[in-house]
Amino acid sequence: AADLVVVAPATADLMAKAANGLANDLASTLLLATDKRVLMAPAMNVRMWRHPATARNLATLKADGVAFGLRPSIPAPVMASVNQPRCYQ
């Protein structure tokens, strides 16, 4: 018998589903139906990780007792490029 449900990778989509109680696929149904502890390892684009909706979902999941083992790693060159202003045409 399982003692822990590990979600790796925990995408922004799956985290949003879990935070809002949606169960429209196998993974989100398992998360809604389990009575075991849940550990998520987020994996997503840095902009998605920093989005306010992701922060709200993360806070909700933590309040629900979900543990988070890792956060997305962001290499230094990517961090520098994320902070650069861009012009879109």
# chains A, B, ... in the order shown; residues from 1 in each chain; ligands from 1
>>> residues_around(residues="A:Leu32", least_positions_apart="4", cutoff="12 Å", atoms="only C-alpha atoms", output="short mmCIF file (atom, residue, chain, number, x, y, z; two decimals) with C-alpha atoms, in the first residue's frame")
data_model
loop_
_atom_site.label_atom_id
_atom_site.label_comp_id
_atom_site.auth_asym_id
_atom_site.auth_seq_id
_atom_site.Cartn_x
_atom_site.Cartn_y
_atom_site.Cartn_z
CA VAL A 5 1.59 10.23 -3.75
CA LEU A 14 -2.14 19.88 -12.84
CA MET A 15 -1.47 22.19 -9.89
CA LYS A 17 -6.69 21.41 -11.30
CA ALA A 18 -5.71 20.09 -7.87
CA ALA A 19 -6.06 23.51 -6.23
CA ASN A 20 -9.57 23.86 -7.60
CA GLY A 21 -10.80 20.32 -7.05
CA LEU A 22 -11.06 19.39 -10.71
CA ALA A 23 -10.86 15.75 -11.69
CA ASN A 24 -11.11 15.36 -15.45
CA ASP A 25 -8.18 13.01 -16.07
CA LEU A 26 -6.43 10.14 -14.29
CA ALA A 27 -3.84 12.26 -12.43
CA SER A 28 -6.27 14.90 -11.16
CA LYS A 36 -2.51 9.78 1.37
CA ARG A 37 0.03 12.57 1.72
CA VAL A 38 0.90 14.35 -1.54
CA LEU A 61 -2.35 23.47 -2.20
CA ASP A 64 -4.64 21.79 1.84
CA VAL A 66 0.29 19.32 -0.09
#
>>> closest_residue(among="A:Leu30, A:Ala55, A:Met40, A:Asp35", to="A:Pro9", atoms="only C-alpha atoms")
A:Met40
>>> atom_distance(atom1="atom CA of A:Arg50", atom2="atom CA of A:Thr29")
26.0 Å
>>> select_by_dssp(residues="stretch 7-69 of chain A", states="strand (DSSP E)", output="ChimeraX atom specification")
/A:7-10,37-42,67-68
>>> residues_around(residues="A:Val6", least_positions_apart="2", cutoff="10 Å", atoms="only C-alpha atoms", output="list of chain:residue names")
A:Asp3, A:Leu4, A:Ala8, A:Pro9, A:Ala10, A:Leu31, A:Arg37, A:Val38, A:Leu39, A:Met40, A:Ala41, A:Ala67, A:Phe68, A:Gly69
>>> closest_residue(among="A:Ala2, A:Leu58, A:Ala63, A:Ala12", to="A:Ala43", atoms="only C-alpha atoms")
A:Ala12
>>> atom_distance(atom1="atom CA of A:Ala33", atom2="atom CA of A:Met48")
26.5 Å
>>> atom_distance(atom1="atom CA of A:Met44", atom2="atom CA of A:Asp13")
9.4 Å
>>> select_by_dssp(residues="stretch 4-67 of chain A", states="alpha helix (DSSP H)", output="ChimeraX atom specification")
/A:12-19,26-33,46-50,52-63
>>> write_last_selection(atoms="N, CA and C atoms", output="tab-separated table (two decimals), in the first residue's frame")
chain	number	residue	atom	x	y	z
A	12	ALA	N	1.89	23.32	-14.22
A	12	ALA	CA	1.00	24.40	-13.81
A	12	ALA	C	-0.46	23.97	-13.97
A	13	ASP	N	-0.74	23.25	-15.05
A	13	ASP	CA	-2.10	22.77	-15.30
A	13	ASP	C	-2.57	21.82	-14.20
A	14	LEU	N	-1.74	20.85	-13.86
A	14	LEU	CA	-2.14	19.88	-12.84
A	14	LEU	C	-2.26	20.54	-11.46
A	15	MET	N	-1.37	21.47	-11.16
A	15	MET	CA	-1.47	22.19	-9.89
A	15	MET	C	-2.77	22.99	-9.83
A	16	ALA	N	-3.15	23.62	-10.94
A	16	ALA	CA	-4.38	24.40	-10.97
A	16	ALA	C	-5.60	23.50	-10.79
A	17	LYS	N	-5.58	22.35	-11.46
A	17	LYS	CA	-6.69	21.41	-11.30
A	17	LYS	C	-6.81	20.96	-9.85
A	18	ALA	N	-5.69	20.58	-9.25
A	18	ALA	CA	-5.71	20.09	-7.87
A	18	ALA	C	-6.16	21.18	-6.90
A	19	ALA	N	-5.70	22.40	-7.12
A	19	ALA	CA	-6.06	23.51	-6.23
A	19	ALA	C	-7.55	23.83	-6.29
A	26	LEU	N	-6.87	11.11	-15.29
A	26	LEU	CA	-6.43	10.14	-14.29
A	26	LEU	C	-5.65	10.78	-13.14
A	27	ALA	N	-4.68	11.66	-13.47
A	27	ALA	CA	-3.84	12.26	-12.43
A	27	ALA	C	-4.65	13.14	-11.48
A	28	SER	N	-5.49	14.01	-12.03
A	28	SER	CA	-6.27	14.90	-11.16
A	28	SER	C	-7.33	14.13	-10.38
A	29	THR	N	-7.86	13.06	-10.95
A	29	THR	CA	-8.83	12.23	-10.23
A	29	THR	C	-8.15	11.53	-9.05
A	30	LEU	N	-6.96	11.00	-9.28
A	30	LEU	CA	-6.21	10.35	-8.21
A	30	LEU	C	-5.94	11.32	-7.07
A	31	LEU	N	-5.55	12.56	-7.41
A	31	LEU	CA	-5.25	13.55	-6.38
A	31	LEU	C	-6.48	13.91	-5.57
A	32	LEU	N	-7.62	13.98	-6.22
A	32	LEU	CA	-8.86	14.33	-5.52
A	32	LEU	C	-9.36	13.17	-4.66
A	33	ALA	N	-9.06	11.94	-5.09
A	33	ALA	CA	-9.59	10.76	-4.40
A	33	ALA	C	-8.67	10.22	-3.30
A	46	VAL	N	9.53	29.46	-16.37
A	46	VAL	CA	9.76	30.42	-15.29
A	46	VAL	C	8.66	31.48	-15.23
A	47	ARG	N	8.14	31.88	-16.37
A	47	ARG	CA	7.07	32.88	-16.35
A	47	ARG	C	5.77	32.31	-15.77
A	48	MET	N	5.55	31.04	-16.04
A	48	MET	CA	4.38	30.38	-15.46
A	48	MET	C	4.55	30.27	-13.95
A	49	TRP	N	5.75	29.92	-13.49
A	49	TRP	CA	6.02	29.79	-12.06
A	49	TRP	C	5.79	31.11	-11.33
A	50	ARG	N	6.14	32.22	-11.97
A	50	ARG	CA	6.02	33.55	-11.34
A	50	ARG	C	4.64	34.18	-11.50
A	52	PRO	N	0.83	35.19	-10.98
A	52	PRO	CA	0.01	35.28	-9.77
A	52	PRO	C	-0.96	34.10	-9.60
A	53	ALA	N	-1.47	33.57	-10.69
A	53	ALA	CA	-2.39	32.43	-10.59
A	53	ALA	C	-1.67	31.21	-10.02
A	54	THR	N	-0.43	31.00	-10.43
A	54	THR	CA	0.35	29.88	-9.91
A	54	THR	C	0.62	30.08	-8.42
A	55	ALA	N	0.93	31.31	-8.03
A	55	ALA	CA	1.17	31.61	-6.62
A	55	ALA	C	-0.08	31.33	-5.79
A	56	ARG	N	-1.26	31.69	-6.31
A	56	ARG	CA	-2.52	31.41	-5.61
A	56	ARG	C	-2.74	29.90	-5.49
A	57	ASN	N	-2.49	29.19	-6.58
A	57	ASN	CA	-2.68	27.73	-6.56
A	57	ASN	C	-1.72	27.07	-5.58
A	58	LEU	N	-0.47	27.54	-5.57
A	58	LEU	CA	0.53	27.01	-4.65
A	58	LEU	C	0.08	27.24	-3.19
A	59	ALA	N	-0.39	28.43	-2.89
A	59	ALA	CA	-0.86	28.74	-1.54
A	59	ALA	C	-2.04	27.85	-1.14
A	60	THR	N	-2.97	27.65	-2.07
A	60	THR	CA	-4.13	26.80	-1.80
A	60	THR	C	-3.70	25.37	-1.53
A	61	LEU	N	-2.81	24.85	-2.37
A	61	LEU	CA	-2.35	23.47	-2.20
A	61	LEU	C	-1.60	23.30	-0.88
A	62	LYS	N	-0.77	24.27	-0.53
A	62	LYS	CA	-0.06	24.20	0.75
A	62	LYS	C	-1.06	24.21	1.91
A	63	ALA	N	-2.08	25.06	1.82
A	63	ALA	CA	-3.10	25.12	2.87
A	63	ALA	C	-3.87	23.81	2.97
